[in-house]
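Everything on this sheet refers to the single structure shown next.
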Amino acid sequence: MCGIVAYIGPRQACPILIKGLHRLEYRGYDSAGIAILNSELKLFKSKGKVSDLEELIEGKDLSGTVGIAHTRWATHGEPNDVNAHPHFSFSKNLAIIHNGIIENYAPLKQELLKRGFTFQSDTDTEVLIHLIEDIQLNEHVSLDKAVQIALNQVVGAYAIVIIDKNDPDTLIVARKGSPLVVGIGDKEFFVASDATPIVEYTREVVYLNDEEIAILKRNDELKIRTITNIAKTPYVQTLEINLSALEKEGFEHFMLKEIYEQPRSIRDSMRGRLNVKSGVVSLGGIIEYQQKLISAKRIIIVACGTSWHAGIVGEYLIEELARIPVEVEYASEFRYRNPVIYEDDVVIAISQSGETADTLAAIELAKSKGATIIGICNVVGSSIARATHAGSYTHAGPEIGVASTKAFTAQVTLLTLMALMIADRKGTISKSRYHQIINELDAIPAKVEKTLLVNDKIIELAGIFKDSRNALYLGRGYNFPVAMEGALKLKEISYIHAEGYPAAEMKHGPIALIDEEMPVVIIATNKGTYEKVVSNIQEVKARKGKIIAIVTEGDQTVKALADHIIEVPETEEMLVPLIATIPLQLLSYHIAVLRGCNVDQPRNLAKSVTVE
Ligand code: G6P
């Protein structure tokens with residue numbers, strides 16, 4: 001979603017801001033803008049990509065050592081030049097960039113209209129900056145005070161940065177709901193909606209908390225106050241992101257790089273947690289709450305998108321291994337449907353970004369009912385990581401491609417570790433079975449490496465199916481969420497309509513869609529229900545569907561039936577999602593490339609969805 005970058009210090013701001021916007025492109029956006037102050041407050045913005053903005057500012061004098069910049073993902077008002085950020089205040093003395101939504105913007109706007117204000121854009125953001133200026137002028141207060149007063153009138157979420165033409169030495173920054181990080185350099189400050197634009201300049205950062213306002217003054221220390229005027233001591237953290245993780249490193253797209261990173265990222269998510277020799281699984285981040293998990297009568301998993309699919313794998317794992325009932329909920333449904341939540345429930349919130357608004361709200365709801373909340377997040381220091389009682393980071397490294405790949409396998413790895421840990425402590429698994437599974441889990445990174453060798457075969461298949469208009473993905477048991485995830489990947493980046501279904505459920509509807517045009521991807525690696533999956537394949541074949549089957553190496557039965565097969569290494573059935581997902585990621589990737597789609601930044605999608 002929207003991206004924020006701002007700079008104040010001794011260097012030229014423009015190159016830092018433009019580079020920062022490029023770093024944030026992965027979040028998804030539809031317009032971009034910049035404002036630089038140097039006696040004049042110069043502002044440029046345009047619909048489209050950051051490269052369009054670069055064309056617009058080419059040859060213009062944008063020298064200056066303080067500035068703000070933004071990529072916008074439209075919520076209020078269509079994506080166009082006028083609605084793009086930054087927005088000027090009425091006098092054009094102030095300019096603002098904003099992530100989030102001001103929910104009560106309509107009554108605030110009415111009030112301002114009555115008082116003679118006019119508006120250029122359809123945005124809620126312009127209402128906020130007019131309001132701030134109105135307060136500043138009428139109440140004769142400093143800008144930071146005016147921001148404080150205005151934010152007390154605002155309902156909704158915001159991360160904002162304000163620049164003042166009359167004060168080139170200050171930026172005012174505030175946050176509620178939408179993330180904001182301040183980087184502290186040598187006599188300079190960087191601001192961004194996540195750490196990616198900051199990491200190459202400084203590793204010292206402060207994550208603002210909700211309802212905090214930061215005052216960034218040249219040659220001064222960072223000052224933070226709450227909107228209720230309580231002074232806060234900044235809590236400085238050190239970033240651990242590696243700069244190379246933010247580059248493509250020779251791959252054509254981030255998504256492909258991230259698919260290929262999976263042997264490493266899965267290993268990293270197990271590092272220090274799985275000790276095969278001693279047979280111990282330990283999750284340091286949740287140790288204090290481990291007993292709650294072990295004795296839980298019920299576990300509720302909340303998540304969105306790909307993380308929700310990981311949640312379904314988690315449900316199957318925890319129920320099978322630890323014998324605790326699990327419910328998996330879309331966070332957006334859970335938060336609004338008045339769910340029954342008990343104090344002894346344990347809620348596991350899964351989120352790559354750690355910023356998904358619905359998941360965050362679901363956590364707050366469950367917390368208010370007294371449940372224990374465990375997080376599984378990828379982004380360190382993110383809002384969800386901080387809102388949970390305890391948690392485990394997935395350690396997959398920054399995921400830049402909008403379509404989630406390595407984060408999914410890392411989430412599934414952690415859920416497997418969690419299920420094994422609970423099962424072992426509860427005694428719901430025999431020692432020999434436990435050792436069998438952890439040994440196999442340890443072998444997964446090497447098997448993923450081997451699975452990646454199917455790439456050439458997948459390129460061939462992508463060529464055959466690139467013009468399909470629909471696709472069906474089928475799987476049973478652990479392969480059902482894999483089917484859903486495969487279909488989601490195809491939809492997201494190639495814009496081909498795809499459905500993921502439990503294989504047996506196909507006959508209750510989707511079978512009506514099958515004809516000779518329809519590619520049907522079937523994950524047929526099952527052991528327990530192999531014969532049943534074979535029957536499902538027969539049903540598709542009888543309707544002339546084109547079968548692409550993911551099978552275990554050496555499989556003969558399905559090979560004889562399918563139009564195309566992709567062989568993957570054999571593993572424990574419960575670990576198959578970590579392997580079978582890989583060819584499906586590659587298939588959607590290559591189809592999208594052949595269709596000329598923007599793989600890393602698919603249309604209309606955002607990497608972290610910070611609005612509901
Ligand atoms: C967006 C992303 C998806 C992601 C979902 C949940 O829709 O495009 O890739 O799965 O949000 O995000 P989270 O960061 O909470 O895992």
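Within each chain, counting starts at residue 1; across the structure tokens, chains are named A, B, ... in the order shown, with ligands numbered 1 upward in that order.
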Output as JSON lines one row per residue of chain A within 7 Å of ligand 1: the closest atom pair and its distance in Å to one decimal place, counting only C-alpha atoms and all ligand atoms, sorted by chain and residue number ascending.
```
{"residue": "A:Ala303", "atom": "CA", "partner": "ligand 1", "partner_atom_place_in_ligand_line": "15 (O)", "distance": 6.2}
{"residue": "A:Cys304", "atom": "CA", "partner": "ligand 1", "partner_atom_place_in_ligand_line": "6 (C)", "distance": 4.6}
{"residue": "A:Gly305", "atom": "CA", "partner": "ligand 1", "partner_atom_place_in_ligand_line": "10 (O)", "distance": 3.9}
{"residue": "A:Thr306", "atom": "CA", "partner": "ligand 1", "partner_atom_place_in_ligand_line": "10 (O)", "distance": 3.7}
{"residue": "A:Ser307", "atom": "CA", "partner": "ligand 1", "partner_atom_place_in_ligand_line": "16 (O)", "distance": 4.8}
{"residue": "A:Ile350", "atom": "CA", "partner": "ligand 1", "partner_atom_place_in_ligand_line": "16 (O)", "distance": 6.4}
{"residue": "A:Ser351", "atom": "CA", "partner": "ligand 1", "partner_atom_place_in_ligand_line": "16 (O)", "distance": 3.5}
{"residue": "A:Gln352", "atom": "CA", "partner": "ligand 1", "partner_atom_place_in_ligand_line": "16 (O)", "distance": 3.7}
{"residue": "A:Ser353", "atom": "CA", "partner": "ligand 1", "partner_atom_place_in_ligand_line": "14 (O)", "distance": 3.5}
{"residue": "A:Gly354", "atom": "CA", "partner": "ligand 1", "partner_atom_place_in_ligand_line": "14 (O)", "distance": 5.5}
{"residue": "A:Glu355", "atom": "CA", "partner": "ligand 1", "partner_atom_place_in_ligand_line": "14 (O)", "distance": 6.2}
{"residue": "A:Thr356", "atom": "CA", "partner": "ligand 1", "partner_atom_place_in_ligand_line": "15 (O)", "distance": 4.6}
{"residue": "A:Thr359", "atom": "CA", "partner": "ligand 1", "partner_atom_place_in_ligand_line": "15 (O)", "distance": 6.7}
{"residue": "A:Val402", "atom": "CA", "partner": "ligand 1", "partner_atom_place_in_ligand_line": "8 (O)", "distance": 5.2}
{"residue": "A:Ala403", "atom": "CA", "partner": "ligand 1", "partner_atom_place_in_ligand_line": "9 (O)", "distance": 4.7}
{"residue": "A:Ser404", "atom": "CA", "partner": "ligand 1", "partner_atom_place_in_ligand_line": "9 (O)", "distance": 4.4}
{"residue": "A:Leu605", "atom": "CA", "partner": "ligand 1", "partner_atom_place_in_ligand_line": "8 (O)", "distance": 5.7}
{"residue": "A:Ala606", "atom": "CA", "partner": "ligand 1", "partner_atom_place_in_ligand_line": "8 (O)", "distance": 5.0}
{"residue": "A:Lys607", "atom": "CA", "partner": "ligand 1", "partner_atom_place_in_ligand_line": "8 (O)", "distance": 4.3}
{"residue": "A:Ser608", "atom": "CA", "partner": "ligand 1", "partner_atom_place_in_ligand_line": "14 (O)", "distance": 5.2}
{"residue": "A:Val609", "atom": "CA", "partner": "ligand 1", "partner_atom_place_in_ligand_line": "11 (O)", "distance": 5.5}
```
Residue neighbourhood A:Thr610, 9 Å, only C-alpha atoms, exclusion window fewer than 4 positions, as a ChimeraX atom specification: /A:1-2,99-100,157,177-179,355-358
Using only C-alpha atoms: which of A:Gly48, A:Pro398, A:Gly279, A:Gly156 has the shortest distance to A:His98: A:Gly156
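Between atom CA of A:Thr170 and atom CA of A:Phe44 there is a distance of 20.4 Å.
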d(atom CA of A:Leu274, atom CA of A:Ala446) in Å: 15.6 Å
Alpha helix (DSSP H) per DSSP on the backbone: members of stretch 66-223 of chain A, as a ChimeraX atom specification: /A:105-114,124-138,143-151
Could you take the residues named above and write them with N, CA and C atoms, as a short mmCIF file (atom, residue, chain, number, x, y, z; two decimals), in the first residue's frame?
```cif
data_model
loop_
_atom_site.label_atom_id
_atom_site.label_comp_id
_atom_site.auth_asym_id
_atom_site.auth_seq_id
_atom_site.Cartn_x
_atom_site.Cartn_y
_atom_site.Cartn_z
N TYR A 105 -13.48 11.97 7.64
CA TYR A 105 -13.07 13.10 6.80
C TYR A 105 -14.28 13.88 6.28
N ALA A 106 -15.43 13.18 6.08
CA ALA A 106 -16.58 13.86 5.48
C ALA A 106 -17.11 14.98 6.39
N PRO A 107 -17.42 14.71 7.68
CA PRO A 107 -17.88 15.83 8.52
C PRO A 107 -16.81 16.92 8.71
N LEU A 108 -15.54 16.50 8.77
CA LEU A 108 -14.47 17.51 8.92
C LEU A 108 -14.45 18.41 7.67
N LYS A 109 -14.63 17.77 6.51
CA LYS A 109 -14.60 18.53 5.25
C LYS A 109 -15.79 19.50 5.18
N GLN A 110 -16.97 19.02 5.60
CA GLN A 110 -18.16 19.87 5.61
C GLN A 110 -17.90 21.13 6.41
N GLU A 111 -17.32 20.93 7.58
CA GLU A 111 -17.03 22.03 8.49
C GLU A 111 -16.09 23.05 7.81
N LEU A 112 -15.05 22.51 7.16
CA LEU A 112 -14.07 23.38 6.50
C LEU A 112 -14.69 24.09 5.29
N LEU A 113 -15.57 23.38 4.58
CA LEU A 113 -16.23 24.01 3.42
C LEU A 113 -17.06 25.21 3.89
N LYS A 114 -17.76 25.00 5.01
CA LYS A 114 -18.59 26.08 5.56
C LYS A 114 -17.74 27.30 5.88
N ASP A 124 -9.06 12.24 1.58
CA ASP A 124 -9.20 12.54 3.00
C ASP A 124 -7.96 13.28 3.52
N THR A 125 -6.83 13.07 2.83
CA THR A 125 -5.56 13.67 3.27
C THR A 125 -5.59 15.19 3.17
N GLU A 126 -6.18 15.69 2.08
CA GLU A 126 -6.23 17.14 1.91
C GLU A 126 -7.06 17.78 3.02
N VAL A 127 -8.09 17.05 3.46
CA VAL A 127 -8.93 17.56 4.56
C VAL A 127 -8.05 17.72 5.82
N LEU A 128 -7.21 16.73 6.06
CA LEU A 128 -6.38 16.76 7.27
C LEU A 128 -5.41 17.94 7.26
N ILE A 129 -4.77 18.20 6.12
CA ILE A 129 -3.78 19.29 6.12
C ILE A 129 -4.47 20.66 6.20
N HIS A 130 -5.66 20.77 5.60
CA HIS A 130 -6.41 22.03 5.76
C HIS A 130 -6.79 22.23 7.24
N LEU A 131 -7.22 21.14 7.85
CA LEU A 131 -7.61 21.23 9.26
C LEU A 131 -6.42 21.68 10.12
N ILE A 132 -5.27 21.07 9.86
CA ILE A 132 -4.08 21.41 10.65
C ILE A 132 -3.72 22.88 10.47
N GLU A 133 -3.77 23.35 9.24
CA GLU A 133 -3.42 24.76 9.00
C GLU A 133 -4.44 25.70 9.64
N ASP A 134 -5.71 25.30 9.57
CA ASP A 134 -6.77 26.11 10.16
C ASP A 134 -6.52 26.28 11.66
N ILE A 135 -6.16 25.17 12.31
CA ILE A 135 -5.89 25.22 13.75
C ILE A 135 -4.66 26.08 14.03
N GLN A 136 -3.61 25.87 13.21
CA GLN A 136 -2.36 26.60 13.39
C GLN A 136 -2.60 28.11 13.35
N LEU A 137 -3.40 28.54 12.38
CA LEU A 137 -3.60 29.98 12.19
C LEU A 137 -4.58 30.56 13.20
N ASN A 138 -5.69 29.81 13.43
CA ASN A 138 -6.72 30.37 14.31
C ASN A 138 -6.37 30.30 15.77
N LEU A 143 3.34 24.46 14.68
CA LEU A 143 2.82 23.41 13.80
C LEU A 143 2.65 22.10 14.55
N ASP A 144 3.63 21.73 15.38
CA ASP A 144 3.50 20.44 16.08
C ASP A 144 2.29 20.44 17.01
N LYS A 145 2.01 21.60 17.61
CA LYS A 145 0.83 21.69 18.49
C LYS A 145 -0.45 21.56 17.66
N ALA A 146 -0.44 22.23 16.50
CA ALA A 146 -1.63 22.16 15.63
C ALA A 146 -1.87 20.72 15.18
N VAL A 147 -0.77 20.00 14.88
CA VAL A 147 -0.91 18.60 14.48
C VAL A 147 -1.52 17.81 15.63
N GLN A 148 -1.02 18.09 16.82
CA GLN A 148 -1.52 17.38 18.00
C GLN A 148 -3.03 17.61 18.19
N ILE A 149 -3.43 18.86 18.07
CA ILE A 149 -4.85 19.18 18.26
C ILE A 149 -5.69 18.51 17.17
N ALA A 150 -5.20 18.60 15.92
CA ALA A 150 -5.96 18.03 14.80
C ALA A 150 -6.11 16.52 14.95
N LEU A 151 -5.02 15.87 15.35
CA LEU A 151 -5.08 14.40 15.43
C LEU A 151 -6.03 13.92 16.52
#
```
Between atom CA of A:Arg386 and atom CA of A:Arg271 - distance in Å to one decimal: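 That distance, rounded to one decimal, is 22.2 Å.
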List as a PDB file with N, CA, C and O atoms, in the first residue's frame the protein and nucleic acid residues near A:Val5, meaning an atom at most 8 Å away when only C-alpha atoms are counted, but skip any in the same chain fewer than 6 places from it.
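part_34.pdb was written with the following content:
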```pdb
ATOM      1  N   LEU A  17      15.090  10.492  -1.752  1.00  0.00           N
ATOM      2  CA  LEU A  17      13.642  10.254  -1.774  1.00  0.00           C
ATOM      3  C   LEU A  17      13.240   9.391  -2.962  1.00  0.00           C
ATOM      4  O   LEU A  17      12.443   8.462  -2.823  1.00  0.00           O
ATOM      5  N   GLY A  20      14.306   5.922  -2.405  1.00  0.00           N
ATOM      6  CA  GLY A  20      13.424   5.362  -1.377  1.00  0.00           C
ATOM      7  C   GLY A  20      12.082   4.950  -1.969  1.00  0.00           C
ATOM      8  O   GLY A  20      11.545   3.889  -1.644  1.00  0.00           O
ATOM      9  N   LEU A  21      11.545   5.774  -2.861  1.00  0.00           N
ATOM     10  CA  LEU A  21      10.263   5.423  -3.501  1.00  0.00           C
ATOM     11  C   LEU A  21      10.416   4.137  -4.304  1.00  0.00           C
ATOM     12  O   LEU A  21       9.529   3.288  -4.300  1.00  0.00           O
ATOM     13  N   ILE A  68       9.800  15.456   1.238  1.00  0.00           N
ATOM     14  CA  ILE A  68       8.900  14.324   1.506  1.00  0.00           C
ATOM     15  C   ILE A  68       8.488  13.703   0.170  1.00  0.00           C
ATOM     16  O   ILE A  68       8.421  14.410  -0.837  1.00  0.00           O
ATOM     17  N   ALA A  69       8.220  12.426   0.173  1.00  0.00           N
ATOM     18  CA  ALA A  69       7.814  11.764  -1.072  1.00  0.00           C
ATOM     19  C   ALA A  69       6.886  10.606  -0.757  1.00  0.00           C
ATOM     20  O   ALA A  69       6.897  10.070   0.368  1.00  0.00           O
ATOM     21  N   HIS A  70       6.109  10.189  -1.755  1.00  0.00           N
ATOM     22  CA  HIS A  70       5.005   9.273  -1.474  1.00  0.00           C
ATOM     23  C   HIS A  70       4.639   8.428  -2.687  1.00  0.00           C
ATOM     24  O   HIS A  70       4.722   8.900  -3.816  1.00  0.00           O
ATOM     25  N   PHE A 190      15.813  10.071   8.583  1.00  0.00           N
ATOM     26  CA  PHE A 190      15.110   9.475   7.451  1.00  0.00           C
ATOM     27  C   PHE A 190      13.768   8.998   8.002  1.00  0.00           C
ATOM     28  O   PHE A 190      13.694   8.540   9.144  1.00  0.00           O
ATOM     29  N   VAL A 191      12.739   9.078   7.196  1.00  0.00           N
ATOM     30  CA  VAL A 191      11.441   8.561   7.631  1.00  0.00           C
ATOM     31  C   VAL A 191      10.934   7.656   6.512  1.00  0.00           C
ATOM     32  O   VAL A 191      11.097   7.969   5.332  1.00  0.00           O
ATOM     33  N   ALA A 192      10.320   6.556   6.878  1.00  0.00           N
ATOM     34  CA  ALA A 192       9.751   5.686   5.840  1.00  0.00           C
ATOM     35  C   ALA A 192       8.670   4.808   6.439  1.00  0.00           C
ATOM     36  O   ALA A 192       8.595   4.631   7.664  1.00  0.00           O
ATOM     37  N   SER A 193       7.830   4.273   5.554  1.00  0.00           N
ATOM     38  CA  SER A 193       6.752   3.421   6.047  1.00  0.00           C
ATOM     39  C   SER A 193       7.249   2.018   6.367  1.00  0.00           C
ATOM     40  O   SER A 193       6.583   1.274   7.062  1.00  0.00           O
ATOM     41  N   PRO A 197      13.771   1.710   2.677  1.00  0.00           N
ATOM     42  CA  PRO A 197      14.487   2.849   2.106  1.00  0.00           C
ATOM     43  C   PRO A 197      15.595   3.386   3.027  1.00  0.00           C
ATOM     44  O   PRO A 197      16.416   4.194   2.614  1.00  0.00           O
TER      45      PRO A 197
END
```
Given only C-alpha atoms as the counted atoms, nearest of A:Glu440, A:Glu54, A:Asp424, A:Glu25 to A:Val576: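 Looking only at the distances to A:Val576, the closest residue turns out to be A:Glu440.
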Distance query A:Arg298 at most 9 Å, only C-alpha atoms, self and fewer than 2 positions along chain excluded, as a PyMOL selection string: chain A and resi 293+295-296+300+324-327+342+344-347
Can you write just those residues out, all heavy atoms, as a tab-separated table (two decimals), in the first residue's frame?
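Resulting contents of selection_9.tsv:
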```tsv
chain	number	residue	atom	x	y	z
A	293	LEU	N	-0.07	-22.72	25.09
A	293	LEU	CA	-0.30	-23.46	23.85
A	293	LEU	C	-0.52	-24.94	24.15
A	293	LEU	O	-1.42	-25.57	23.61
A	293	LEU	CB	0.93	-23.33	22.94
A	293	LEU	CG	0.90	-22.30	21.82
A	293	LEU	CD1	2.26	-22.22	21.15
A	293	LEU	CD2	-0.17	-22.60	20.78
A	295	SER	N	-1.54	-26.36	26.82
A	295	SER	CA	-2.77	-26.73	27.52
A	295	SER	C	-4.03	-26.12	26.88
A	295	SER	O	-5.12	-26.25	27.42
A	295	SER	CB	-2.67	-26.33	29.00
A	295	SER	OG	-2.28	-24.99	29.08
A	296	ALA	N	-3.86	-25.49	25.72
A	296	ALA	CA	-5.02	-24.85	25.08
A	296	ALA	C	-6.08	-25.90	24.73
A	296	ALA	O	-5.77	-26.99	24.27
A	296	ALA	CB	-4.57	-24.13	23.80
A	300	ILE	N	-7.18	-20.69	17.70
A	300	ILE	CA	-7.81	-20.00	16.57
A	300	ILE	C	-6.68	-19.35	15.77
A	300	ILE	O	-5.85	-18.64	16.34
A	300	ILE	CB	-8.80	-18.91	17.05
A	300	ILE	CG1	-9.88	-19.52	17.94
A	300	ILE	CG2	-9.42	-18.18	15.86
A	300	ILE	CD1	-10.75	-18.50	18.66
A	324	ILE	N	-5.20	-30.77	19.20
A	324	ILE	CA	-5.93	-29.61	19.73
A	324	ILE	C	-6.83	-29.11	18.60
A	324	ILE	O	-6.35	-28.93	17.47
A	324	ILE	CB	-4.97	-28.46	20.15
A	324	ILE	CG1	-4.01	-28.95	21.23
A	324	ILE	CG2	-5.75	-27.24	20.62
A	324	ILE	CD1	-2.90	-27.96	21.56
A	325	PRO	N	-8.12	-28.88	18.86
A	325	PRO	CA	-8.99	-28.36	17.79
A	325	PRO	C	-8.54	-26.97	17.34
A	325	PRO	O	-8.19	-26.12	18.18
A	325	PRO	CB	-10.38	-28.29	18.43
A	325	PRO	CG	-10.25	-28.83	19.80
A	325	PRO	CD	-8.81	-29.05	20.13
A	326	VAL	N	-8.53	-26.79	16.05
A	326	VAL	CA	-8.07	-25.51	15.50
A	326	VAL	C	-9.13	-24.95	14.57
A	326	VAL	O	-9.73	-25.68	13.77
A	326	VAL	CB	-6.75	-25.70	14.69
A	326	VAL	CG1	-6.27	-24.37	14.11
A	326	VAL	CG2	-5.66	-26.32	15.55
A	327	GLU	N	-9.37	-23.65	14.68
A	327	GLU	CA	-10.24	-22.98	13.71
A	327	GLU	C	-9.40	-21.96	12.98
A	327	GLU	O	-8.63	-21.23	13.60
A	327	GLU	CB	-11.38	-22.26	14.43
A	327	GLU	CG	-12.42	-23.21	14.98
A	327	GLU	CD	-13.39	-22.53	15.91
A	327	GLU	OE1	-13.65	-21.32	15.73
A	327	GLU	OE2	-13.86	-23.20	16.84
A	342	TYR	N	-12.79	-17.51	24.21
A	342	TYR	CA	-12.63	-17.80	25.64
A	342	TYR	C	-11.25	-17.34	26.11
A	342	TYR	O	-10.31	-17.24	25.31
A	342	TYR	CB	-12.77	-19.30	25.89
A	342	TYR	CG	-14.10	-19.87	25.48
A	342	TYR	CD1	-14.20	-20.76	24.42
A	342	TYR	CD2	-15.27	-19.50	26.16
A	342	TYR	CE1	-15.43	-21.28	24.04
A	342	TYR	CE2	-16.50	-20.02	25.77
A	342	TYR	CZ	-16.57	-20.92	24.73
A	342	TYR	OH	-17.78	-21.42	24.35
A	344	ASP	N	-9.14	-18.97	27.74
A	344	ASP	CA	-8.07	-19.96	27.57
A	344	ASP	C	-7.83	-20.32	26.10
A	344	ASP	O	-7.10	-21.25	25.79
A	344	ASP	CB	-8.32	-21.21	28.42
A	344	ASP	CG	-9.67	-21.85	28.12
A	344	ASP	OD1	-10.39	-21.31	27.26
A	344	ASP	OD2	-9.99	-22.88	28.74
A	345	ASP	N	-8.43	-19.54	25.19
A	345	ASP	CA	-8.11	-19.74	23.76
A	345	ASP	C	-6.73	-19.18	23.47
A	345	ASP	O	-6.32	-18.17	24.05
A	345	ASP	CB	-9.10	-18.96	22.87
A	345	ASP	CG	-10.43	-19.69	22.72
A	345	ASP	OD1	-10.45	-20.92	22.91
A	345	ASP	OD2	-11.44	-19.02	22.42
A	346	VAL	N	-6.05	-19.83	22.56
A	346	VAL	CA	-4.80	-19.26	22.06
A	346	VAL	C	-5.04	-18.88	20.59
A	346	VAL	O	-5.51	-19.70	19.80
A	346	VAL	CB	-3.63	-20.25	22.17
A	346	VAL	CG1	-2.37	-19.68	21.52
A	346	VAL	CG2	-3.35	-20.58	23.63
A	347	VAL	N	-4.75	-17.64	20.29
A	347	VAL	CA	-4.94	-17.16	18.92
A	347	VAL	C	-3.56	-17.05	18.27
A	347	VAL	O	-2.65	-16.42	18.83
A	347	VAL	CB	-5.65	-15.79	18.90
A	347	VAL	CG1	-5.68	-15.20	17.49
A	347	VAL	CG2	-7.07	-15.93	19.44
```
Long-range neighbours of A:Lys489 as a PyMOL selection string, 10 Å cut-off, only C-alpha atoms, 5 positions minimum in chain: chain A and resi 306+403-405+483-484+494-496+498+584-589+592
Just N, CA and C atoms for this one: save the residues we selected as a compact mmCIF listing (two decimals), in the first residue's frame.
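So out-v3.txt came out as:
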```txt
# COMPACT_ATOMS: atom_id res chain seq x y z
N THR A 306 -2.37 -15.29 1.50
CA THR A 306 -1.47 -16.44 1.54
C THR A 306 -1.25 -16.92 2.98
N ALA A 403 3.44 -11.04 -4.71
CA ALA A 403 2.91 -12.39 -4.50
C ALA A 403 3.83 -13.12 -3.53
N SER A 404 3.26 -13.55 -2.43
CA SER A 404 4.07 -14.14 -1.36
C SER A 404 4.53 -15.54 -1.72
N THR A 405 5.81 -15.83 -1.53
CA THR A 405 6.34 -17.16 -1.86
C THR A 405 7.14 -17.71 -0.68
N ALA A 483 -3.38 -26.33 -3.08
CA ALA A 483 -4.16 -26.04 -4.29
C ALA A 483 -4.68 -24.60 -4.25
N MET A 484 -5.17 -24.20 -3.09
CA MET A 484 -5.69 -22.82 -2.97
C MET A 484 -4.57 -21.80 -3.18
N SER A 494 -0.94 -13.41 -12.98
CA SER A 494 -1.15 -13.57 -14.42
C SER A 494 -2.55 -13.13 -14.83
N TYR A 495 -3.40 -12.84 -13.83
CA TYR A 495 -4.78 -12.40 -14.05
C TYR A 495 -5.63 -13.46 -14.76
N ILE A 496 -5.21 -14.72 -14.66
CA ILE A 496 -6.05 -15.82 -15.14
C ILE A 496 -6.94 -16.23 -13.98
N ALA A 498 -8.60 -18.43 -11.46
CA ALA A 498 -8.24 -19.77 -10.99
C ALA A 498 -8.92 -20.04 -9.65
N LEU A 584 4.18 -24.85 -8.23
CA LEU A 584 3.00 -24.01 -8.50
C LEU A 584 3.41 -22.52 -8.52
N GLN A 585 4.34 -22.16 -7.64
CA GLN A 585 4.86 -20.78 -7.67
C GLN A 585 5.53 -20.52 -9.02
N LEU A 586 6.36 -21.49 -9.44
CA LEU A 586 7.09 -21.32 -10.71
C LEU A 586 6.14 -21.26 -11.89
N LEU A 587 5.09 -22.09 -11.84
CA LEU A 587 4.13 -22.11 -12.96
C LEU A 587 3.46 -20.74 -13.12
N SER A 588 2.99 -20.19 -12.01
CA SER A 588 2.32 -18.89 -12.12
C SER A 588 3.33 -17.82 -12.54
N TYR A 589 4.55 -17.92 -12.03
CA TYR A 589 5.58 -16.94 -12.40
C TYR A 589 5.82 -16.95 -13.91
N ALA A 592 2.90 -15.72 -16.02
CA ALA A 592 2.77 -14.25 -15.93
C ALA A 592 3.83 -13.56 -16.80
```
Contacts of A:Val340 at 10 Å (only C-alpha atoms; same-chain gap of 6+ positions) as a PyMOL selection string: chain A and resi 334+366+369
Atoms to include: N, CA and C atoms. Write the selected residues as a compact mmCIF listing (two decimals), in the first residue's frame.
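The resulting out.txt:
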```txt
# COMPACT_ATOMS: atom_id res chain seq x y z
N PHE A 334 -13.62 -12.61 11.08
CA PHE A 334 -13.53 -12.84 12.51
C PHE A 334 -13.82 -11.56 13.30
N ALA A 366 -9.43 -10.25 20.00
CA ALA A 366 -9.19 -11.46 20.81
C ALA A 366 -8.50 -11.11 22.13
N LYS A 369 -10.76 -9.92 24.81
CA LYS A 369 -11.56 -10.99 25.43
C LYS A 369 -10.69 -11.88 26.31
```
Who sits within 12 Å of A:Glu531, only C-alpha atoms, same chain under 6 positions skipped, as a list in words: Arg476, Ala504, Ala524, Thr525, Ile537, Gln538, Thr557 and Val558 of chain A
Serialized selection, C-alpha atoms, as a PDB file, in the first residue's frame:
```pdb
ATOM      1  CA  ARG A 476      -6.861 -33.326  -0.736  1.00  0.00           C
ATOM      2  CA  ALA A 504     -13.460 -34.437  -3.879  1.00  0.00           C
ATOM      3  CA  ALA A 524      -1.381 -36.062  -6.296  1.00  0.00           C
ATOM      4  CA  THR A 525       1.406 -36.784  -3.860  1.00  0.00           C
ATOM      5  CA  ILE A 537      -8.235 -37.484 -11.834  1.00  0.00           C
ATOM      6  CA  GLN A 538     -10.370 -40.016 -13.709  1.00  0.00           C
ATOM      7  CA  THR A 557      -0.430 -44.612 -11.982  1.00  0.00           C
ATOM      8  CA  VAL A 558      -1.041 -40.882 -12.269  1.00  0.00           C
TER       9      VAL A 558
END
```
Nearest to A:Ala214 by atom-to-atom distance, counting only C-alpha atoms, from A:Glu249, A:Val50, A:Thr238, A:Ala159: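 Of the candidates, the smallest distance to A:Ala214 is held by A:Ala159.
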Those of stretch 352-448 of chain A in DSSP strand (DSSP E), formatted as a ChimeraX atom specification: /A:372-377,390-393
Counting only C-alpha atoms, the option among A:Ala331, A:Leu53, A:Leu94, A:Val161 closest to A:Tyr7: A:Val161
For A:Val66, the nearest of the candidates A:Met518, A:Ala6, A:Ile301, A:Leu43, counting only C-alpha atoms: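 That would be A:Ala6, the residue with the smallest distance to A:Val66.
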Selected residue, from A:Phe480, A:Trp73, A:Phe408, A:Tyr434, that lies nearest to A:Asp30 when counting only C-alpha atoms: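 Nearest to A:Asp30: A:Trp73.
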